[in-house]
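J.: Below you'll find upload21.txt; it's compact mmCIF, C-alpha atoms.
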# COMPACT_ATOMS: atom_id res chain seq x y z
CA MET W 28 -19.85 -1.50 24.62
CA LYS W 29 -17.68 -3.96 22.78
CA LYS W 30 -15.11 -2.73 20.32
CA THR W 31 -15.98 -3.79 16.78
CA LEU W 32 -13.07 -5.47 15.08
CA PRO W 33 -13.64 -6.63 11.49
CA LEU W 34 -10.23 -8.25 11.73
CA PHE W 35 -7.83 -8.61 8.88
CA ALA W 36 -7.98 -11.54 6.46
CA ALA W 37 -9.29 -14.60 8.24
CA ALA W 38 -7.77 -16.92 5.69
CA VAL W 39 -4.59 -16.79 3.70
CA VAL W 40 -4.51 -18.73 0.45
CA LEU W 41 -1.08 -20.30 0.04
CA LEU W 42 0.30 -20.67 -3.42
CA ALA W 43 0.37 -24.14 -4.87
CA GLY W 44 3.07 -25.47 -7.10
CA CYS W 45 5.47 -22.57 -6.58
CA ALA W 46 8.45 -22.75 -8.89
CA SER W 47 11.54 -24.02 -7.11
CA ALA W 48 14.10 -23.20 -9.74
CA THR W 49 15.51 -19.75 -10.30
CA ALA W 50 14.65 -18.28 -13.67
CA THR W 51 17.61 -18.04 -15.95
CA GLY W 52 18.76 -14.85 -17.60
CA ALA W 53 21.78 -12.72 -18.24
CA PRO W 54 23.49 -11.44 -15.08
CA GLY W 55 22.03 -8.11 -14.02
CA GLN W 56 19.09 -8.44 -16.42
CA PRO W 57 15.52 -8.70 -15.07
CA GLU W 58 13.89 -12.10 -15.45
CA LYS W 59 10.39 -10.56 -15.30
CA LEU W 60 9.55 -7.38 -17.21
CA GLU W 61 6.11 -6.57 -15.79
CA LEU W 62 5.05 -6.05 -12.17
CA ARG W 63 1.37 -6.08 -11.25
CA TYR W 64 0.36 -3.74 -8.45
CA GLN W 65 -2.43 -1.77 -6.79
CA GLY W 66 -2.25 1.99 -6.62
CA SER W 67 -3.84 4.70 -4.49
CA ALA W 68 -6.39 7.18 -5.84
CA ASN W 69 -5.23 10.79 -6.19
CA ALA W 70 -1.74 9.86 -5.00
CA VAL W 71 1.58 8.72 -6.42
CA THR W 72 3.17 5.64 -4.89
CA LEU W 73 6.92 5.20 -4.65
CA PRO W 74 7.02 2.53 -7.40
CA GLU W 75 5.02 4.84 -9.69
CA LEU W 76 7.47 7.66 -8.98
CA ALA W 77 10.44 5.32 -9.52
CA GLU W 78 9.07 4.25 -12.90
CA ASP W 79 8.54 7.86 -13.95
CA LEU W 80 12.11 8.68 -12.91
CA GLY W 81 13.41 5.81 -15.05
CA TYR W 82 14.74 3.77 -12.15
CA PHE W 83 13.03 0.53 -13.27
CA GLY W 84 14.85 0.34 -16.60
CA PRO W 85 13.10 -2.20 -18.84
CA VAL W 86 10.73 -3.32 -16.06
CA LYS W 87 7.21 -1.88 -16.37
CA LEU W 88 4.41 -1.53 -13.85
CA LYS W 89 0.92 -2.87 -14.58
CA TRP W 90 -1.80 -1.16 -12.56
CA VAL W 91 -4.64 -3.55 -11.70
CA GLY W 92 -6.71 -1.20 -9.53
CA ASN W 93 -6.49 0.68 -6.24
CA THR W 94 -6.05 -0.94 -2.86
CA ILE W 95 -8.60 -0.47 -0.09
CA SER W 96 -6.12 -1.08 2.75
CA GLY W 97 -2.62 -2.27 3.55
CA PRO W 98 -3.73 -5.73 4.79
CA GLN W 99 -5.70 -6.22 1.58
CA ASP W 100 -2.73 -5.07 -0.50
CA ILE W 101 -0.23 -7.53 0.98
CA GLN W 102 -2.74 -10.38 0.90
CA SER W 103 -3.16 -9.72 -2.82
CA ALA W 104 0.60 -10.08 -3.19
CA ALA W 105 0.65 -13.23 -1.06
CA THR W 106 -2.00 -14.88 -3.22
CA ASP W 107 -0.32 -13.92 -6.52
CA GLN W 108 -2.98 -11.43 -7.58
CA THR W 109 -0.22 -8.81 -7.62
CA ASP W 110 3.56 -8.98 -7.52
CA PHE W 111 4.10 -6.64 -4.57
CA GLY W 112 2.06 -4.96 -1.89
CA GLY W 113 2.60 -2.72 1.10
CA ALA W 114 1.20 -2.52 4.62
CA PHE W 115 1.83 -1.73 8.27
CA THR W 116 4.64 -3.81 9.80
CA GLY W 117 2.21 -5.40 12.25
CA ALA W 118 0.00 -6.54 9.37
CA VAL W 119 3.07 -8.12 7.75
CA VAL W 120 3.80 -9.99 10.99
CA LYS W 121 0.22 -11.30 11.09
CA LEU W 122 0.34 -12.44 7.48
CA VAL W 123 3.64 -14.27 7.94
CA GLU W 124 2.42 -15.80 11.22
CA ALA W 125 -0.60 -17.08 9.30
CA GLY W 126 1.75 -18.92 6.94
CA ALA W 127 1.88 -16.59 3.96
CA PRO W 128 5.09 -16.94 1.87
CA VAL W 129 6.09 -13.25 1.81
CA LYS W 130 9.06 -11.20 2.95
CA ALA W 131 9.41 -7.45 3.53
CA VAL W 132 12.08 -5.90 1.28
CA VAL W 133 11.91 -2.09 1.67
CA ASN W 134 9.97 0.38 3.84
CA TYR W 135 7.64 2.73 2.00
CA TYR W 136 5.94 4.88 4.63
CA GLY W 137 6.43 6.14 8.14
CA SER W 138 5.97 9.03 10.52
CA ASP W 139 8.22 12.00 11.18
CA ASP W 140 7.71 15.59 12.33
CA LYS W 141 6.30 16.54 8.91
CA ALA W 142 4.24 13.46 8.00
CA PHE W 143 2.42 11.62 10.78
CA ILE W 144 -0.85 10.05 11.92
CA GLY W 145 -3.08 12.29 13.99
CA PHE W 146 -6.21 11.39 15.93
CA TYR W 147 -8.48 14.41 15.61
CA THR W 148 -11.65 15.54 17.33
CA GLY W 149 -13.83 18.61 17.00
CA GLU W 150 -12.43 21.89 18.23
CA ASP W 151 -15.23 22.17 20.81
CA SER W 152 -15.28 18.46 21.69
CA PRO W 153 -15.17 17.54 25.41
CA ILE W 154 -12.67 14.78 24.58
CA ARG W 155 -9.33 15.81 26.07
CA THR W 156 -7.73 12.66 27.47
CA ALA W 157 -7.42 8.96 26.69
CA ARG W 158 -10.03 8.15 29.32
CA ASP W 159 -12.53 10.39 27.53
CA LEU W 160 -12.49 7.92 24.63
CA ILE W 161 -14.18 5.16 26.63
CA GLY W 162 -17.50 4.46 24.90
CA LYS W 163 -16.68 6.78 22.00
CA LYS W 164 -16.35 6.08 18.25
CA VAL W 165 -12.97 6.36 16.54
CA GLY W 166 -12.72 6.20 12.76
CA VAL W 167 -9.85 4.21 11.21
CA ASN W 168 -9.14 3.06 7.67
CA THR W 169 -9.03 -0.64 8.57
CA ALA W 170 -9.00 -2.75 11.70
CA GLY W 171 -5.95 -4.66 12.85
CA ALA W 172 -3.42 -2.31 11.26
CA ASN W 173 -1.31 0.79 11.99
CA LEU W 174 -4.08 3.08 13.22
CA GLU W 175 -5.52 0.54 15.64
CA ALA W 176 -2.04 -0.42 16.86
CA ALA W 177 -1.11 3.22 17.47
CA LEU W 178 -4.42 3.95 19.22
CA ASP W 179 -4.34 0.89 21.49
CA THR W 180 -0.65 1.37 22.32
CA TRP W 181 -1.29 5.02 23.26
CA LEU W 182 -4.35 4.12 25.35
CA LYS W 183 -2.33 1.46 27.17
CA GLY W 184 0.46 3.96 27.79
CA GLN W 185 -2.08 6.42 29.20
CA GLY W 186 -3.12 3.90 31.85
CA LEU W 187 -6.28 2.36 30.42
CA SER W 188 -6.89 -1.31 31.19
CA ASP W 189 -7.51 -3.89 28.48
CA ALA W 190 -11.19 -3.94 29.45
CA GLU W 191 -11.42 -0.16 29.11
CA ILE W 192 -9.61 -0.18 25.76
CA LYS W 193 -12.17 -2.66 24.45
CA GLN W 194 -14.88 -0.09 25.17
CA VAL W 195 -13.36 2.28 22.61
CA GLN W 196 -15.35 1.50 19.49
CA LEU W 197 -13.51 1.35 16.19
CA VAL W 198 -15.44 2.37 13.09
CA VAL W 199 -13.89 1.33 9.79
CA ILE W 200 -14.32 4.12 7.26
CA PRO W 201 -12.58 5.03 3.98
CA PRO W 202 -9.93 7.68 4.72
CA VAL W 203 -11.46 10.13 2.24
CA ASN W 204 -14.74 10.08 4.23
CA ALA W 205 -13.28 10.30 7.75
CA GLU W 206 -13.08 14.10 7.99
CA GLN W 207 -16.67 14.63 6.91
CA ALA W 208 -17.91 11.87 9.25
CA LEU W 209 -16.16 13.65 12.11
CA ARG W 210 -17.69 17.00 11.20
CA ASN W 211 -21.15 15.40 10.86
CA GLY W 212 -20.92 13.90 14.35
CA GLN W 213 -20.85 10.30 13.11
CA LEU W 214 -17.44 9.92 14.72
CA ASP W 215 -16.05 11.31 17.97
CA VAL W 216 -12.46 11.04 16.74
CA ALA W 217 -11.01 10.41 13.28
CA ALA W 218 -7.53 9.18 12.44
CA LEU W 219 -6.12 11.33 9.65
CA GLN W 220 -2.77 11.36 7.91
CA GLY W 221 -1.03 12.78 4.90
CA ILE W 222 -2.86 15.15 2.61
CA LEU W 223 -6.24 14.29 4.15
CA GLN W 224 -4.97 15.47 7.52
CA ASP W 225 -3.60 18.68 6.07
CA HIS W 226 -6.85 19.34 4.25
CA ALA W 227 -8.82 18.97 7.49
CA LEU W 228 -6.46 21.29 9.36
CA ALA W 229 -6.63 23.89 6.60
CA ALA W 230 -10.44 23.85 6.81
CA GLY W 231 -10.26 24.38 10.58
CA GLY W 232 -12.58 23.28 13.36
CA VAL W 233 -10.56 20.23 14.42
CA ARG W 234 -7.73 19.65 16.88
CA PRO W 235 -5.45 16.69 17.62
CA LEU W 236 -6.06 14.49 20.63
CA PHE W 237 -2.65 12.90 20.01
CA THR W 238 -0.26 12.04 17.19
CA ASP W 239 1.76 8.89 16.70
CA VAL W 240 5.05 10.76 16.29
CA GLY W 241 4.32 12.67 19.48
CA ALA W 242 3.62 9.44 21.33
CA PHE W 243 6.35 7.20 19.91
CA GLY W 244 8.81 9.44 18.06
CA PRO W 245 9.71 9.07 14.36
CA TYR W 246 9.38 5.52 13.03
CA ASN W 247 9.06 3.46 9.85
CA GLY W 248 5.47 2.37 9.48
CA GLY W 249 5.38 -0.31 6.83
CA PRO W 250 7.22 -2.15 4.02
CA TYR W 251 6.56 -3.50 0.59
CA VAL W 252 6.57 -7.29 0.50
CA LEU W 253 7.43 -9.79 -2.23
CA ARG W 254 6.53 -13.46 -2.26
CA THR W 255 9.43 -15.70 -1.32
CA ASP W 256 8.97 -17.72 -4.52
CA PHE W 257 9.12 -14.46 -6.51
CA ILE W 258 12.44 -13.56 -4.87
CA LYS W 259 13.82 -17.01 -5.61
CA LYS W 260 12.61 -17.14 -9.19
CA TYR W 261 13.28 -13.50 -10.14
CA PRO W 262 16.23 -12.29 -8.01
CA GLU W 263 17.38 -9.63 -10.48
CA THR W 264 13.86 -8.26 -10.83
CA ALA W 265 13.55 -8.19 -7.04
CA LYS W 266 16.82 -6.27 -6.84
CA ILE W 267 15.66 -3.77 -9.47
CA PHE W 268 12.35 -3.27 -7.65
CA VAL W 269 13.93 -2.62 -4.25
CA SER W 270 16.69 -0.45 -5.66
CA ALA W 271 14.20 1.63 -7.65
CA VAL W 272 11.95 2.22 -4.62
CA ALA W 273 14.94 3.04 -2.39
CA ARG W 274 16.23 5.55 -4.92
CA ALA W 275 12.76 7.09 -5.25
CA ILE W 276 12.68 7.55 -1.47
CA GLU W 277 15.98 9.41 -1.60
CA TRP W 278 14.74 11.48 -4.52
CA GLU W 279 11.76 12.59 -2.44
CA ARG W 280 13.98 13.24 0.58
CA THR W 281 16.46 15.41 -1.33
CA THR W 282 14.33 17.16 -3.95
CA PRO W 283 12.72 20.56 -3.25
CA ARG W 284 9.09 20.21 -2.20
CA ASP W 285 7.72 22.21 -5.13
CA GLU W 286 9.51 19.92 -7.59
CA VAL W 287 8.13 16.81 -5.89
CA ILE W 288 4.57 18.15 -6.08
CA ALA W 289 5.04 19.15 -9.72
CA ARG W 290 6.28 15.65 -10.57
CA PHE W 291 3.36 14.02 -8.76
CA THR W 292 0.94 16.30 -10.59
CA LYS W 293 2.44 15.38 -13.96
CA ILE W 294 2.24 11.65 -13.21
CA ILE W 295 -1.39 11.77 -12.11
CA LYS W 296 -2.52 13.84 -15.08
CA ALA W 297 -0.67 11.59 -17.54
CA ARG W 298 -2.09 8.28 -16.34
CA GLY W 299 -5.73 9.16 -17.09
CA ARG W 300 -7.55 7.65 -14.11
CA ASN W 301 -10.01 10.53 -13.64
CA GLU W 302 -8.30 11.71 -10.45
CA SER W 303 -7.87 15.03 -8.70
CA THR W 304 -4.52 16.68 -8.01
CA ASP W 305 -5.97 19.28 -5.63
CA THR W 306 -4.67 17.69 -2.43
CA LEU W 307 -1.08 17.28 -3.67
CA LYS W 308 -0.34 20.80 -2.46
CA TYR W 309 -0.44 19.45 1.09
CA TRP W 310 2.42 16.97 0.54
CA LYS W 311 5.29 17.49 3.01
CA SER W 312 7.52 14.44 3.44
CA VAL W 313 8.06 10.81 2.48
CA GLY W 314 8.31 10.18 6.23
CA ILE W 315 10.83 7.33 6.30
CA THR W 316 14.51 6.83 6.93
CA HIS W 317 17.44 6.57 4.51
CA GLY W 318 16.66 4.36 1.53
CA GLY W 319 13.73 2.67 3.25
CA LEU W 320 16.07 0.33 5.12
CA ILE W 321 14.28 -2.07 7.47
CA SER W 322 15.32 -2.79 11.07
CA ASP W 323 14.22 -5.11 13.88
CA ALA W 324 12.83 -2.10 15.76
CA ASP W 325 10.26 -1.57 12.99
CA TYR W 326 8.63 -4.81 14.19
CA THR W 327 9.48 -5.16 17.87
CA ARG W 328 7.93 -1.73 18.56
CA TRP W 329 4.52 -3.35 18.13
CA GLU W 330 5.30 -6.68 19.80
CA PRO W 331 3.26 -6.00 22.98
CA TRP W 332 0.19 -5.03 20.92
CA LEU W 333 0.53 -8.00 18.59
CA LYS W 334 0.88 -10.34 21.57
CA GLN W 335 -2.09 -8.76 23.34
CA GLU W 336 -4.28 -9.18 20.26
CA GLY W 337 -3.25 -12.83 19.87
CA TYR W 338 -1.45 -12.40 16.58
CA LEU W 339 1.83 -14.04 17.66
CA LYS W 340 2.39 -17.79 17.83
CA HIS W 341 5.33 -17.24 20.19
CA ASP W 342 6.25 -14.66 22.80
CA LYS W 343 8.82 -12.99 20.59
CA ILE W 344 8.81 -11.87 16.97
CA ASP W 345 11.26 -13.75 14.75
CA THR W 346 12.45 -10.81 12.66
CA ALA W 347 14.79 -12.97 10.57
CA LYS W 348 11.83 -14.52 8.74
CA LEU W 349 10.09 -11.19 8.24
CA TYR W 350 12.45 -9.02 6.20
CA THR W 351 15.65 -8.63 4.25
CA ASN W 352 17.77 -5.65 3.21
CA GLU W 353 19.84 -7.75 0.79
CA PHE W 354 18.57 -5.94 -2.31
CA ASN W 355 18.77 -2.40 -0.91
CA PRO W 356 21.63 -0.33 -2.39
CA TYR W 357 21.84 1.69 0.84
CA ARG W 358 22.34 -1.28 3.17
CA ASP W 359 26.07 -0.66 3.60
CA GLY W 360 25.66 3.07 4.00
CA ALA W 361 26.81 3.82 0.46
CA PRO W 362 25.26 7.00 -1.00
CA ALA W 363 23.90 5.37 -4.15
CA VAL W 364 23.13 7.72 -7.04
CA THR W 365 19.51 8.95 -6.88
CA LYS W 366 19.21 11.47 -9.69
Hey, can you dump this file as structure tokens for me?
T.:
Amino acid sequence: MKKTLPLFAAAVVLLAGCASATATGAPGQPEKLELRYQGSANAVTLPELAEDLGYFGPVKLKWVGNTISGPQDIQSAATDQTDFGGAFTGAVVKLVEAGAPVKAVVNYYGSDDKAFIGFYTGEDSPIRTARDLIGKKVGVNTAGANLEAALDTWLKGQGLSDAEIKQVQLVVIPPVNAEQALRNGQLDVAALQGILQDHALAAGGVRPLFTDVGAFGPYNGGPYVLRTDFIKKYPETAKIFVSAVARAIEWERTTPRDEVIARFTKIIKARGRNESTDTLKYWKSVGITHGGLISDADYTRWEPWLKQEGYLKHDKIDTAKLYTNEFNPYRDGAPAVTK
């Protein structure tokens, strides 16, 4: 059986006629006052939290819809349909390798002992080891991103050959449908994370085959990216964006859980998108390190997988072209004000 891989974004549309001059404005004042973005249904993103906390100042967010996946979100940013987007670090590498003019500026999600990706099967399932997955169906939110990278890296570490790994069939399924598909027998294993994972565990009848944090330890999973022409043209706005997100991360890390959930609930109810707040009670952690700072390790961790899948033009990842911490107020270790 061949693994089905509806791979990420076959073509990247490069922006034509990008402005070369930096927009003028008063020092410290944003050159652009509106940022287009995609949200996530029934959830509050870090930029949305930052805006609600007042960290954006005069800059406002403009919601243009909800993203279907990280790769789609950063491609929308790369093609100027939005001003920023976020995805798995490996997806960022692939987009940059394809020639997209984007740069990672702040991490926004990751895995720790409270918030992690789990690969779950039925409580009575015969699947117990990596080898048991050969010929089985595994549900993931999108191909070519964090869940596939974590799965393939774990399978490789458990001794499976490349040929055997290709026999593990990926099934792309919306995260909100993965639990039910597992319970209905449409999937043998489902990758679950965040509140969807906690909901499945609370309902019972499932158990983890493995978790990413158990396999690899805590790690930063993915950053927000800005276009390089955006950074050049709107440097103060870029700084405000990164600083606001970094401060929102620290707010989540240092604020009592009940207060975080209450704030999320207020934001969702106020924005009027016909969403549910029921799953917010399962929120546990922002899952990333201090201020969302980015490091080389965030990318090199996945280098073998990226090379194996043919996503790298060279043997090594050139991290210098992938990210910058220049706008992050925590880059020098200073405890910037978060409240």
J.: I'd like the neighbourhood of Phe243 in chain W as a list in words, where a residue qualifies if any of its atoms comes within 12 Å (using only C-alpha atoms), though same-chain residues fewer than 2 positions away should be ignored.
T.: Gly137, Ser138, Asp139, Asp140, Phe143, Ile144, Ala176, Ala177, Leu178, Thr180, Trp181, Gly184, Phe237, Thr238, Asp239, Val240, Gly241, Pro245, Tyr246, Asn247, Gly248, Asp325, Arg328 and Trp329 of chain W
J.: Which residues come within 12 Å of Pro283 in chain W, counting only C-alpha atoms, excluding same-chain residues fewer than 5 positions away, as a list in words?
T.: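 Non-adjacent residues within range: Glu277, Trp278, Ile288, Ala289, Arg290, Trp310, Lys311 and Ser312 of chain W.
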J.: Within 12 Å of Thr327 in chain W, counting only C-alpha atoms, which residues show up once you throw out same-chain ones fewer than 2 positions away? Write them as a list of chain:residue names, please.
T.: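 In the requested format, the answer is W:Thr116, W:Gly117, W:Val120, W:Tyr246, W:Asn247, W:Gly248, W:Ile321, W:Ser322, W:Asp323, W:Ala324, W:Asp325, W:Trp329, W:Glu330, W:Pro331, W:Trp332, W:Leu333, W:Lys334, W:Leu339, W:Asp342, W:Lys343, W:Ile344, W:Asp345, W:Thr346, W:Ala347, W:Leu349.
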J.: Given the selection you just returned, output its residues as a file containing C-alpha atoms, formatted as a CSV table (one decimal), keeping the file's coordinate frame.
T.:
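The resulting file, again_39.csv, is reproduced below:
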chain,number,residue,atom,x,y,z
W,116,THR,CA,4.6,-3.8,9.8
W,117,GLY,CA,2.2,-5.4,12.2
W,120,VAL,CA,3.8,-10.0,11.0
W,246,TYR,CA,9.4,5.5,13.0
W,247,ASN,CA,9.1,3.5,9.8
W,248,GLY,CA,5.5,2.4,9.5
W,321,ILE,CA,14.3,-2.1,7.5
W,322,SER,CA,15.3,-2.8,11.1
W,323,ASP,CA,14.2,-5.1,13.9
W,324,ALA,CA,12.8,-2.1,15.8
W,325,ASP,CA,10.3,-1.6,13.0
W,329,TRP,CA,4.5,-3.4,18.1
W,330,GLU,CA,5.3,-6.7,19.8
W,331,PRO,CA,3.3,-6.0,23.0
W,332,TRP,CA,0.2,-5.0,20.9
W,333,LEU,CA,0.5,-8.0,18.6
W,334,LYS,CA,0.9,-10.3,21.6
W,339,LEU,CA,1.8,-14.0,17.7
W,342,ASP,CA,6.2,-14.7,22.8
W,343,LYS,CA,8.8,-13.0,20.6
W,344,ILE,CA,8.8,-11.9,17.0
W,345,ASP,CA,11.3,-13.8,14.8
W,346,THR,CA,12.4,-10.8,12.7
W,347,ALA,CA,14.8,-13.0,10.6
W,349,LEU,CA,10.1,-11.2,8.2
J.: So which one's closest to Ala118 in chain W, W:Asn134, W:Asn173, W:Thr282, W:Thr316? Using only C-alpha atoms, please.
T.: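 The shortest atom-to-atom distance to Ala118 in chain W comes from W:Asn173.
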J.: If you measure from CA of Val216 in chain W to CA of Glu302 in chain W, what distance in Å do you get, rounded to one decimal?
T.: 27.5 Å
J.: With only C-alpha atoms as the atoms that count, which of W:Asn352, W:Asp225, W:Thr255, W:Leu219 lies nearest to Asn204 in chain W?
T.: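 Between W:Asn352, W:Asp225, W:Thr255, W:Leu219, the residue approaching Asn204 in chain W most closely is W:Leu219.
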J.: Nearest residue to Ala273 in chain W out of W:Arg358, W:Arg234, W:Arg210, W:Lys296, using only C-alpha atoms?
T.: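 Of the candidates, the smallest distance to Ala273 in chain W is held by W:Arg358.
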J.: For a test of reading the model, state the distance in Å between CA of Phe291 in chain W and CA of Leu253 in chain W, rounded to one decimal.
T.: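 Between CA of Phe291 in chain W and CA of Leu253 in chain W the gap works out to 25.0 Å.
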J.: Figure out the distance between CA of Asp100 in chain W and CA of Glu336 in chain W, please, to one decimal in Å.
T.: 21.2 Å
J.: Any idea what's packed within 12 Å of Lys308 in chain W, counting only C-alpha atoms, ignoring anything in its chain fewer than 4 positions away? Could you give it as number ranges by chain?
T.: W: 69-70, 221-223, 225-226, 229, 284-292, 303-304, 312
J.: Let me make sure I understand: among W:Gly244, W:His317, W:Gly66, W:Ala265, which one has the smallest atom-to-atom distance to Gly92 in chain W if we use only C-alpha atoms?
T.: W:Gly66
J.: Give the answer as one residue: which of W:Gly319, W:Pro202, W:Gly186, W:Gly231 has the shortest atom-to-atom distance to Ala271 in chain W, using all atoms listed in the file?
T.: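 Among the listed residues, W:Gly319 lies closest to Ala271 in chain W.
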